[in-house]
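With compact mmCIF, C-alpha atoms inside, this is run_11.txt:
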# COMPACT_ATOMS: atom_id res chain seq x y z
CA MET R 192 2.84 150.02 101.92
CA SER R 193 3.55 147.76 99.01
CA GLY R 194 2.75 148.61 95.39
CA ARG R 195 3.28 151.89 93.57
CA THR R 196 1.61 154.72 95.40
CA GLY R 197 2.50 157.81 93.41
CA ALA R 198 -0.45 160.04 92.59
CA ALA R 199 0.22 159.91 88.87
CA SER R 200 2.58 158.64 86.20
CA PRO R 201 6.16 160.01 85.88
CA GLN R 202 5.20 161.75 82.60
CA MET R 203 2.84 164.10 84.42
CA THR R 204 4.03 167.53 85.56
CA THR R 205 4.07 168.53 89.23
CA ALA R 206 0.98 170.66 88.62
CA ASP R 207 -0.80 167.71 87.00
CA ARG R 208 0.06 165.45 89.92
CA SER R 209 -1.13 168.04 92.42
CA SER R 210 -4.38 168.47 90.51
CA ALA R 211 -4.91 164.70 90.36
CA MET R 212 -4.25 164.39 94.10
CA ARG R 213 -6.73 167.15 94.86
CA ARG R 214 -9.39 165.33 92.85
CA VAL R 215 -8.68 162.12 94.75
CA LEU R 216 -8.88 163.91 98.12
CA GLY R 217 -12.03 165.75 97.10
CA SER R 218 -13.81 162.63 95.86
CA ALA R 219 -12.88 160.65 98.97
CA ALA R 220 -13.79 163.41 101.42
CA ILE R 221 -17.14 164.13 99.76
CA GLY R 222 -17.86 160.43 99.59
CA GLN R 223 -17.10 160.04 103.30
CA PHE R 224 -19.36 162.98 104.08
CA VAL R 225 -22.31 161.65 102.07
CA GLU R 226 -21.95 158.07 103.32
CA TRP R 227 -21.83 159.01 106.99
CA TYR R 228 -24.46 161.72 106.78
CA ASP R 229 -26.84 159.09 105.48
CA PHE R 230 -25.82 156.65 108.22
CA VAL R 231 -25.94 158.97 111.27
CA ILE R 232 -29.03 161.04 110.45
CA TYR R 233 -31.00 158.13 111.93
CA ALA R 234 -29.42 158.67 115.36
CA TYR R 235 -30.32 162.36 115.38
CA SER R 236 -33.91 161.51 114.46
CA ALA R 237 -34.17 158.78 117.12
CA ALA R 238 -36.69 160.58 119.33
CA ILE R 239 -39.28 161.14 116.58
CA ILE R 240 -38.68 157.70 115.03
CA ALA R 241 -39.38 156.13 118.41
CA LYS R 242 -42.77 157.83 118.55
CA LEU R 243 -43.76 157.08 114.95
CA PHE R 244 -42.51 153.51 114.58
CA PHE R 245 -42.81 152.13 118.14
CA PRO R 246 -45.89 153.92 119.57
CA ASN R 247 -47.28 151.11 121.71
CA THR R 248 -44.44 151.08 124.22
CA ASP R 249 -43.49 153.49 126.98
CA PRO R 250 -41.07 156.28 125.94
CA ALA R 251 -37.95 154.63 127.37
CA ALA R 252 -38.74 151.30 125.69
CA ALA R 253 -39.51 153.07 122.40
CA LEU R 254 -36.14 154.83 122.48
CA LEU R 255 -34.39 151.54 123.25
CA SER R 256 -36.24 149.91 120.35
CA THR R 257 -35.14 152.73 118.05
CA PHE R 258 -31.50 152.29 119.04
CA ALA R 259 -31.88 148.53 118.64
CA VAL R 260 -32.78 149.21 115.01
CA TYR R 261 -29.75 151.55 114.88
CA ALA R 262 -27.66 148.62 116.10
CA VAL R 263 -29.08 146.36 113.39
CA GLY R 264 -27.09 148.41 110.89
CA PHE R 265 -23.92 147.13 112.55
CA VAL R 266 -24.92 143.48 112.29
CA MET R 267 -24.38 143.64 108.54
CA ARG R 268 -20.97 145.28 108.73
CA PRO R 269 -18.81 142.12 108.96
CA LEU R 270 -20.70 140.72 105.97
CA GLY R 271 -20.27 144.02 104.15
CA GLY R 272 -16.57 144.02 105.00
CA PHE R 273 -16.24 140.55 103.50
CA VAL R 274 -18.25 141.35 100.35
CA PHE R 275 -16.88 144.80 99.56
CA GLY R 276 -13.37 144.06 100.82
CA SER R 277 -13.09 141.05 98.54
CA LEU R 278 -14.54 143.00 95.61
CA GLY R 279 -12.21 145.92 96.28
CA ASP R 280 -9.14 143.67 96.18
CA ARG R 281 -10.34 141.87 93.06
CA ILE R 282 -11.98 144.52 90.83
CA GLY R 283 -10.64 147.76 92.29
CA ARG R 284 -11.32 150.39 94.93
CA ARG R 285 -13.15 152.93 92.78
CA GLN R 286 -15.94 150.65 91.55
CA VAL R 287 -16.70 149.45 95.07
CA LEU R 288 -16.80 153.00 96.42
CA SER R 289 -19.30 153.95 93.70
CA LEU R 290 -21.49 150.97 94.58
CA VAL R 291 -21.57 151.59 98.34
CA ILE R 292 -22.52 155.26 98.04
CA LEU R 293 -25.40 154.38 95.71
CA MET R 294 -26.69 151.71 98.11
CA MET R 295 -26.48 154.05 101.09
CA GLY R 296 -28.32 156.84 99.29
CA GLY R 297 -31.11 154.51 98.19
CA ALA R 298 -31.65 153.07 101.67
CA THR R 299 -31.66 156.53 103.26
CA VAL R 300 -34.27 157.87 100.85
CA ALA R 301 -36.35 154.75 101.52
CA ILE R 302 -36.41 155.54 105.26
CA GLY R 303 -37.63 159.03 104.42
CA LEU R 304 -40.50 157.54 102.40
CA LEU R 305 -41.56 154.82 104.86
CA PRO R 306 -45.14 154.74 106.13
CA THR R 307 -45.38 154.92 109.93
CA TYR R 308 -46.79 152.41 112.40
CA ALA R 309 -50.12 154.26 112.39
CA GLN R 310 -50.37 153.72 108.64
CA ILE R 311 -49.23 150.10 108.09
CA GLY R 312 -48.74 148.65 111.57
CA ILE R 313 -45.95 146.17 112.28
CA MET R 314 -44.65 146.38 108.70
CA ALA R 315 -43.34 149.89 109.45
CA PRO R 316 -40.61 148.83 111.92
CA ILE R 317 -39.88 145.74 109.79
CA LEU R 318 -39.20 147.89 106.71
CA LEU R 319 -37.16 150.24 108.90
CA VAL R 320 -34.97 147.30 109.89
CA VAL R 321 -34.51 146.28 106.24
CA CYS R 322 -33.36 149.80 105.34
CA ARG R 323 -30.91 149.81 108.24
CA LEU R 324 -29.53 146.44 107.13
CA ILE R 325 -28.79 147.87 103.68
CA GLN R 326 -27.22 150.96 105.23
CA GLY R 327 -25.01 148.80 107.44
CA LEU R 328 -23.94 146.65 104.50
CA SER R 329 -22.98 149.77 102.55
CA ALA R 330 -21.19 151.49 105.44
CA ALA R 331 -18.84 148.53 105.78
CA GLY R 332 -17.10 149.37 102.52
CA GLU R 333 -16.75 153.13 102.89
CA THR R 334 -14.09 154.03 105.44
CA VAL R 335 -11.49 151.41 104.55
CA GLY R 336 -12.20 151.84 100.84
CA SER R 337 -11.87 155.63 100.86
CA ASN R 338 -8.78 155.56 103.05
CA SER R 339 -7.15 152.89 100.86
CA PHE R 340 -7.94 154.88 97.75
CA VAL R 341 -6.28 158.01 99.15
CA ALA R 342 -3.28 156.20 100.68
CA GLU R 343 -2.52 154.41 97.42
CA HIS R 344 -2.46 157.71 95.53
CA ALA R 345 -0.57 159.72 98.15
CA PRO R 346 3.20 160.37 98.37
CA ALA R 347 4.83 158.45 101.23
CA ASP R 348 5.66 161.51 103.33
CA LYS R 349 2.06 162.79 103.33
CA ARG R 350 0.01 159.61 103.65
CA GLY R 351 -0.85 160.25 107.28
CA LEU R 352 -2.01 163.80 106.59
CA TYR R 353 -3.99 162.95 103.46
CA VAL R 354 -5.74 159.91 104.94
CA ALA R 355 -6.49 161.83 108.16
CA PHE R 356 -7.96 164.67 106.11
CA THR R 357 -10.24 162.28 104.26
CA TYR R 358 -11.11 160.28 107.38
CA SER R 359 -11.85 163.48 109.32
CA PHE R 360 -14.85 164.14 107.09
CA ALA R 361 -16.65 161.34 108.92
CA ASN R 362 -16.96 163.89 111.78
CA ILE R 363 -18.68 166.54 109.67
CA PRO R 364 -21.92 164.62 108.86
CA PRO R 365 -22.97 164.36 112.53
CA ILE R 366 -22.48 168.13 112.82
CA VAL R 367 -24.57 168.81 109.71
CA ALA R 368 -27.19 166.26 110.76
CA ALA R 369 -27.43 167.74 114.26
CA LEU R 370 -27.75 171.32 113.04
CA PHE R 371 -30.20 170.34 110.32
CA VAL R 372 -32.47 168.58 112.82
CA LEU R 373 -32.06 171.59 115.15
CA LEU R 374 -33.15 173.93 112.35
CA LEU R 375 -36.18 171.84 111.40
CA THR R 376 -37.39 171.42 114.98
CA ASN R 377 -37.15 175.18 115.52
CA ILE R 378 -38.79 176.42 112.31
CA LEU R 379 -41.54 173.78 112.13
CA SER R 380 -44.36 173.22 114.57
CA GLY R 381 -44.24 170.00 116.56
CA ASP R 382 -47.11 168.56 114.52
CA ASP R 383 -45.52 169.46 111.18
CA TYR R 384 -42.16 167.99 112.17
CA ALA R 385 -43.83 164.77 113.34
CA SER R 386 -46.03 164.61 110.24
CA TRP R 387 -43.51 165.27 107.45
CA GLY R 388 -40.59 167.43 108.58
CA TRP R 389 -38.55 164.53 110.00
CA ARG R 390 -38.46 162.98 106.51
CA ILE R 391 -36.56 165.88 104.90
CA PRO R 392 -33.04 165.00 106.20
CA PHE R 393 -33.45 161.44 104.90
CA LEU R 394 -34.78 162.47 101.49
CA ILE R 395 -31.83 164.83 100.99
CA GLY R 396 -29.53 161.81 101.32
CA GLY R 397 -30.49 160.67 97.82
CA PRO R 398 -29.32 163.72 95.85
CA LEU R 399 -26.19 163.92 98.01
CA ALA R 400 -25.36 160.30 97.11
CA LEU R 401 -25.78 161.03 93.40
CA ILE R 402 -23.41 164.00 93.69
CA GLY R 403 -20.88 161.81 95.47
CA LEU R 404 -21.25 159.10 92.82
CA TYR R 405 -20.66 161.61 90.03
CA ILE R 406 -17.48 162.93 91.65
CA ARG R 407 -16.14 159.45 92.38
CA ASN R 408 -16.54 158.46 88.76
CA LYS R 409 -14.27 161.36 87.74
CA VAL R 410 -11.09 159.98 89.38
CA ASP R 411 -8.75 157.18 88.31
CA GLU R 412 -8.26 153.84 90.04
CA SER R 413 -5.43 153.80 92.58
CA PRO R 414 -1.92 153.37 91.12
CA ALA R 415 -1.10 150.63 93.65
CA PHE R 416 -4.06 148.51 92.57
CA LYS R 417 -3.33 149.09 88.88
CA ALA R 418 0.29 148.04 89.48
CA THR R 419 -0.93 144.86 91.19
CA GLN R 420 -3.20 144.16 88.20
CA ALA R 421 -0.37 144.78 85.74
CA ALA R 422 1.89 142.38 87.64
CA LYS R 423 -0.94 139.78 87.63
CA ARG R 424 -0.79 139.61 91.42
CA VAL R 425 -4.47 140.31 92.15
CA ALA R 426 -5.62 137.77 94.75
CA SER R 427 -8.56 135.56 93.79
CA THR R 428 -9.32 134.87 97.48
CA PRO R 429 -7.83 137.87 99.29
CA LEU R 430 -9.51 137.31 102.65
CA ARG R 431 -8.44 133.67 102.82
CA ASP R 432 -4.90 134.71 101.95
CA ALA R 433 -4.97 137.35 104.70
CA VAL R 434 -6.32 134.95 107.33
CA GLN R 435 -3.63 132.41 106.46
CA SER R 436 -0.67 134.78 106.54
CA GLN R 437 -1.71 137.97 108.36
CA LYS R 438 -3.61 136.85 111.48
CA GLN R 439 -1.53 138.99 113.83
CA GLN R 440 -2.00 142.09 111.70
CA MET R 441 -5.75 141.51 111.53
CA ALA R 442 -5.92 141.13 115.33
CA PHE R 443 -4.02 144.40 115.76
CA SER R 444 -6.31 146.08 113.24
CA PHE R 445 -9.31 144.83 115.23
CA ALA R 446 -7.90 146.32 118.45
CA LEU R 447 -7.26 149.71 116.88
CA ALA R 448 -10.73 149.82 115.33
CA ALA R 449 -12.38 148.80 118.61
CA PHE R 450 -11.19 151.93 120.40
CA SER R 451 -11.89 154.07 117.36
CA SER R 452 -15.49 152.85 117.10
CA LEU R 453 -16.24 153.27 120.79
CA GLY R 454 -15.16 156.90 120.73
CA PHE R 455 -16.86 157.78 117.46
CA TYR R 456 -20.30 156.39 118.24
CA ALA R 457 -20.22 157.57 121.83
CA LEU R 458 -19.82 161.10 120.49
CA SER R 459 -21.81 160.98 117.25
CA GLY R 460 -24.54 158.46 118.04
CA TYR R 461 -25.11 158.40 121.79
CA PHE R 462 -24.16 161.67 123.45
CA VAL R 463 -27.09 163.81 122.27
CA SER R 464 -29.58 161.24 123.59
CA TYR R 465 -27.57 160.94 126.83
CA LEU R 466 -27.67 164.70 127.38
CA THR R 467 -31.38 165.06 126.64
CA THR R 468 -32.71 161.85 128.20
CA THR R 469 -30.40 161.26 131.18
CA VAL R 470 -28.95 164.68 131.98
CA GLY R 471 -32.11 166.61 131.10
CA LEU R 472 -30.40 169.19 128.88
CA ASP R 473 -32.64 170.85 126.30
CA SER R 474 -32.27 169.47 122.77
CA ASN R 475 -30.92 172.72 121.29
CA SER R 476 -28.02 172.83 123.75
CA ALA R 477 -27.35 169.11 123.31
CA LEU R 478 -27.14 169.40 119.52
CA ILE R 479 -25.03 172.57 119.57
CA SER R 480 -22.55 171.22 122.13
CA ASN R 481 -22.22 167.94 120.26
CA SER R 482 -21.54 169.77 117.00
CA ILE R 483 -18.78 171.84 118.62
CA ALA R 484 -17.12 168.71 120.04
CA LEU R 485 -17.21 166.91 116.70
CA PHE R 486 -15.65 169.94 115.01
CA VAL R 487 -12.87 169.82 117.61
CA ALA R 488 -12.31 166.17 116.68
CA PHE R 489 -12.28 167.11 112.98
CA LEU R 490 -9.46 169.62 113.49
CA VAL R 491 -7.43 167.46 115.87
CA MET R 492 -7.64 164.49 113.47
CA ILE R 493 -5.91 166.42 110.71
CA LEU R 494 -3.24 167.56 113.18
CA GLY R 495 -2.78 163.97 114.40
CA GLY R 496 -2.35 162.68 110.86
CA ARG R 497 0.25 165.34 110.07
CA LEU R 498 2.18 164.66 113.27
CA SER R 499 2.16 160.94 112.51
CA ASP R 500 4.01 161.63 109.26
CA LYS R 501 6.68 163.42 111.27
CA TYR R 502 6.93 161.34 114.47
CA GLY R 503 5.42 157.99 113.48
CA ARG R 504 2.01 156.38 113.99
CA LYS R 505 2.66 154.66 117.31
CA PRO R 506 3.39 157.73 119.52
CA LEU R 507 0.22 159.47 118.36
CA LEU R 508 -1.94 156.37 118.80
CA LEU R 509 -0.60 155.84 122.33
CA ALA R 510 -1.12 159.51 123.21
CA GLY R 511 -4.75 159.36 122.09
CA VAL R 512 -5.46 156.23 124.13
CA VAL R 513 -3.76 157.56 127.28
CA ILE R 514 -5.52 160.94 127.10
CA ASN R 515 -8.93 159.33 126.75
CA ALA R 516 -8.24 156.89 129.57
CA LEU R 517 -7.45 159.85 131.83
CA VAL R 518 -10.32 162.14 130.82
CA CYS R 519 -13.26 159.83 130.02
CA ILE R 520 -14.83 159.79 133.50
CA PRO R 521 -14.17 163.48 134.26
CA ALA R 522 -15.55 164.34 130.80
CA TYR R 523 -18.85 162.55 131.47
CA LEU R 524 -19.13 164.08 134.94
CA LEU R 525 -18.52 167.51 133.47
CA ALA R 526 -21.02 167.04 130.66
CA ALA R 527 -23.61 165.86 133.20
CA GLN R 528 -23.71 169.25 134.95
CA GLY R 529 -26.67 170.16 132.79
CA ASN R 530 -25.67 173.38 131.03
CA LEU R 531 -24.37 174.25 127.58
CA LEU R 532 -20.82 175.20 128.64
CA SER R 533 -20.25 172.03 130.66
CA ALA R 534 -21.65 169.92 127.82
CA VAL R 535 -19.24 171.56 125.35
CA LEU R 536 -16.23 171.16 127.64
CA GLY R 537 -17.00 167.55 128.59
CA GLN R 538 -17.52 166.38 125.03
CA SER R 539 -14.55 168.38 123.75
CA LEU R 540 -12.24 166.63 126.20
CA LEU R 541 -13.29 163.30 124.70
CA ALA R 542 -13.09 164.73 121.18
CA PHE R 543 -9.49 165.88 121.65
CA GLY R 544 -8.24 162.47 122.75
CA CYS R 545 -10.30 160.67 120.11
CA GLY R 546 -9.18 163.03 117.37
CA LEU R 547 -5.52 162.53 118.24
CA PHE R 548 -6.08 158.77 117.91
CA TRP R 549 -8.27 158.91 114.80
CA GLY R 550 -5.72 161.03 112.94
CA PRO R 551 -3.09 158.28 112.50
CA VAL R 552 -5.37 155.24 112.89
CA GLY R 553 -6.72 155.41 109.34
CA ILE R 554 -3.32 155.02 107.73
CA ALA R 555 -2.00 152.70 110.47
CA LEU R 556 -4.73 150.17 109.68
CA LEU R 557 -3.78 150.15 106.00
CA GLU R 558 -0.01 149.97 106.44
CA LEU R 559 -0.42 146.62 108.16
CA PHE R 560 -1.33 144.92 104.86
CA PRO R 561 0.01 144.60 101.29
CA THR R 562 -2.01 145.95 98.36
CA ARG R 563 -3.40 142.58 97.24
CA THR R 564 -5.17 141.89 100.59
CA ARG R 565 -5.41 145.40 102.07
CA PHE R 566 -9.10 146.11 101.48
CA SER R 567 -10.31 142.66 102.58
CA ALA R 568 -8.14 142.26 105.67
CA SER R 569 -8.72 145.82 106.88
CA ALA R 570 -12.45 145.89 106.14
CA VAL R 571 -13.26 142.60 107.89
CA SER R 572 -11.22 143.28 111.05
CA TYR R 573 -12.34 146.92 111.16
CA ASN R 574 -16.03 146.17 110.74
CA MET R 575 -15.99 143.23 113.13
CA ALA R 576 -14.69 145.58 115.81
CA TYR R 577 -17.35 148.18 115.02
CA THR R 578 -20.11 145.55 115.22
CA ILE R 579 -19.01 144.20 118.58
Would you mind writing the structure in this file as structure tokens?
Amino acid sequence: MSGRTGAASPQMTTADRSSAMRRVLGSAAIGQFVEWYDFVIYAYSAAIIAKLFFPNTDPAAALLSTFAVYAVGFVMRPLGGFVFGSLGDRIGRRQVLSLVILMMGGATVAIGLLPTYAQIGIMAPILLVVCRLIQGLSAAGETVGSNSFVAEHAPADKRGLYVAFTYSFANIPPIVAALFVLLLTNILSGDDYASWGWRIPFLIGGPLALIGLYIRNKVDESPAFKATQAAKRVASTPLRDAVQSQKQQMAFSFALAAFSSLGFYALSGYFVSYLTTTVGLDSNSALISNSIALFVAFLVMILGGRLSDKYGRKPLLLAGVVINALVCIPAYLLAAQGNLLSAVLGQSLLAFGCGLFWGPVGIALLELFPTRTRFSASAVSYNMAYTI
């Protein structure tokens, strides 16, 4: 990676540098958690949203309509990658990360406050789409921005571990969201949950975003970006520069992100609905098994990042792809047996292969680009892959 990437200035003591690095890791990890909690809580509320916002269709069509609105969030991601990537390369990583978490929190709270179809008719799903568009725009700047921020502070021999640690926190929000929905559906009556209980997970997204914003504002801008500013090498049109000189790297970044996105949203966005709707597993078992699998991915990601510092990014990326190619069909067949144990084992097989890939992929995407175009080039190629 080009540019200075030390966690602090040479005048700082080792203890000061360690403390500064911990603040950077903490701010990035908490930011990742808040951003993706707000984004994925929609998927775990899909069944009730289908009933409240698309009541005039049969259940299968309502669920498809709900996931179509979920997909709308992805339509904005290439645009968000362009907007926030360009801003991140021109004005800095930290300011962009503060902006995206505020946008995400606001849109999530808005979903929690929306009137339903029974109250305002067709305007309800329209407003739902608008909120998802804002969420998608915001999400486009988070992962690449957080990972860049950490990588540009981290020492060279620990970049894989530190970025994997931060990136792994994208797996925790689906666990929290799943267990939170599980708790609400078990302690509230069906009528209470449908009337007001489903709103609680969305409304909590607002205070979480404010906490994340506060923490992010307590850390310094990345040393690599500040060095680029000091050298007067900040690009005025970073994406155009990247397209002109880094096409191959952007194509490779797209390919890496394509596999990453397929695995992540299969596990965090689709699998619970697959288990309950197609397999016929009860919702409690589906949510519990999914949470266990995502925690497996969380742990394996950190391991994969650490191993990539020792053995290189490529061997770990290849291992993750090969493992998933071998286990994907057996994993689905196992999960489809219709009991809690088989659901845990099937999803955990996928989670292990995905986690091994996700561990080094965060830093691998960033190391393809120099500091002056890193955020733009990574964000656009990454988010284009996630949208498709």
Cut-off 9 Å: closest segment 338-421 of chain R/segment 541-553 of chain R atom pairs per residue, using only C-alpha atoms, as CSV:
residue,atom,partner,partner_atom,distance
R:Asn338,CA,R:Gly553,CA,6.6
R:Ser339,CA,R:Gly553,CA,8.9
R:Gly351,CA,R:Pro551,CA,6.0
R:Leu352,CA,R:Gly550,CA,7.9
R:Val354,CA,R:Gly553,CA,6.4
R:Ala355,CA,R:Gly550,CA,4.9
R:Phe356,CA,R:Gly550,CA,8.1
R:Tyr358,CA,R:Gly553,CA,6.8
R:Ser359,CA,R:Gly550,CA,7.5
Generate a file of the selected residues that holds C-alpha atoms, formatted as a short mmCIF file (atom, residue, chain, number, x, y, z; two decimals), in the coordinates of the input.
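For reference, again_14.cif as written:
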data_model
loop_
_atom_site.label_atom_id
_atom_site.label_comp_id
_atom_site.auth_asym_id
_atom_site.auth_seq_id
_atom_site.Cartn_x
_atom_site.Cartn_y
_atom_site.Cartn_z
CA ASN R 338 -8.78 155.56 103.05
CA SER R 339 -7.15 152.89 100.86
CA GLY R 351 -0.85 160.25 107.28
CA LEU R 352 -2.01 163.80 106.59
CA VAL R 354 -5.74 159.91 104.94
CA ALA R 355 -6.49 161.83 108.16
CA PHE R 356 -7.96 164.67 106.11
CA TYR R 358 -11.11 160.28 107.38
CA SER R 359 -11.85 163.48 109.32
#
Contacts of Ser452 of chain R at 10 Å or less, counting all atoms listed in the file, minus same-chain residues fewer than 6 places along, as a ChimeraX atom specification? /R:458,545,549,573-574,576-579
Find the residues near segment 387-396 of chain R: any atom within 12 Å, counting only C-alpha atoms, skip ones fewer than 6 places away on the same chain, and give them as an MDAnalysis selection string. chainID R and resid 222 224:243 292:307 322 326 364:365 367:381 402:403
Find, counting all atoms listed in the file, the residue in R:Ala418, R:Ala252, R:Leu216, R:Leu270 that gets nearest to Tyr353 of chain R.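 Selected residue with least distance to Tyr353 of chain R: R:Leu216.
Minimum atom-to-atom distances from R:Thr428, R:Gln310, R:Ser459, R:Gln538 to Thr564 of chain R were compared using all atoms listed in the file, and the lowest value belongs to R:Thr428.
You will find atom CA of Leu401 of chain R at 11.5 Å from atom CA of Val291 of chain R.
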For Ala568 of chain R, which residue out of R:Ala315, R:Leu556, R:Val491, R:Met441 is the nearest one, using all atoms listed in the file?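 When distances to Ala568 of chain R are compared using all atoms listed in the file, the smallest one comes from R:Met441.
Considering all atoms listed in the file, the residue among R:Gln435, R:Asn362, R:Ser499, R:Ser480 positioned nearest to Tyr456 of chain R is R:Asn362.
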In Å to one decimal, how far is atom CA of Gly471 of chain R from atom CA of Ala522 of chain R?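 About the pair atom CA of Ala522 of chain R and atom CA of Gly471 of chain R: they are 16.7 Å apart.
Atom CA of Ala347 of chain R is positioned 29.2 Å from atom CA of Leu453 of chain R.
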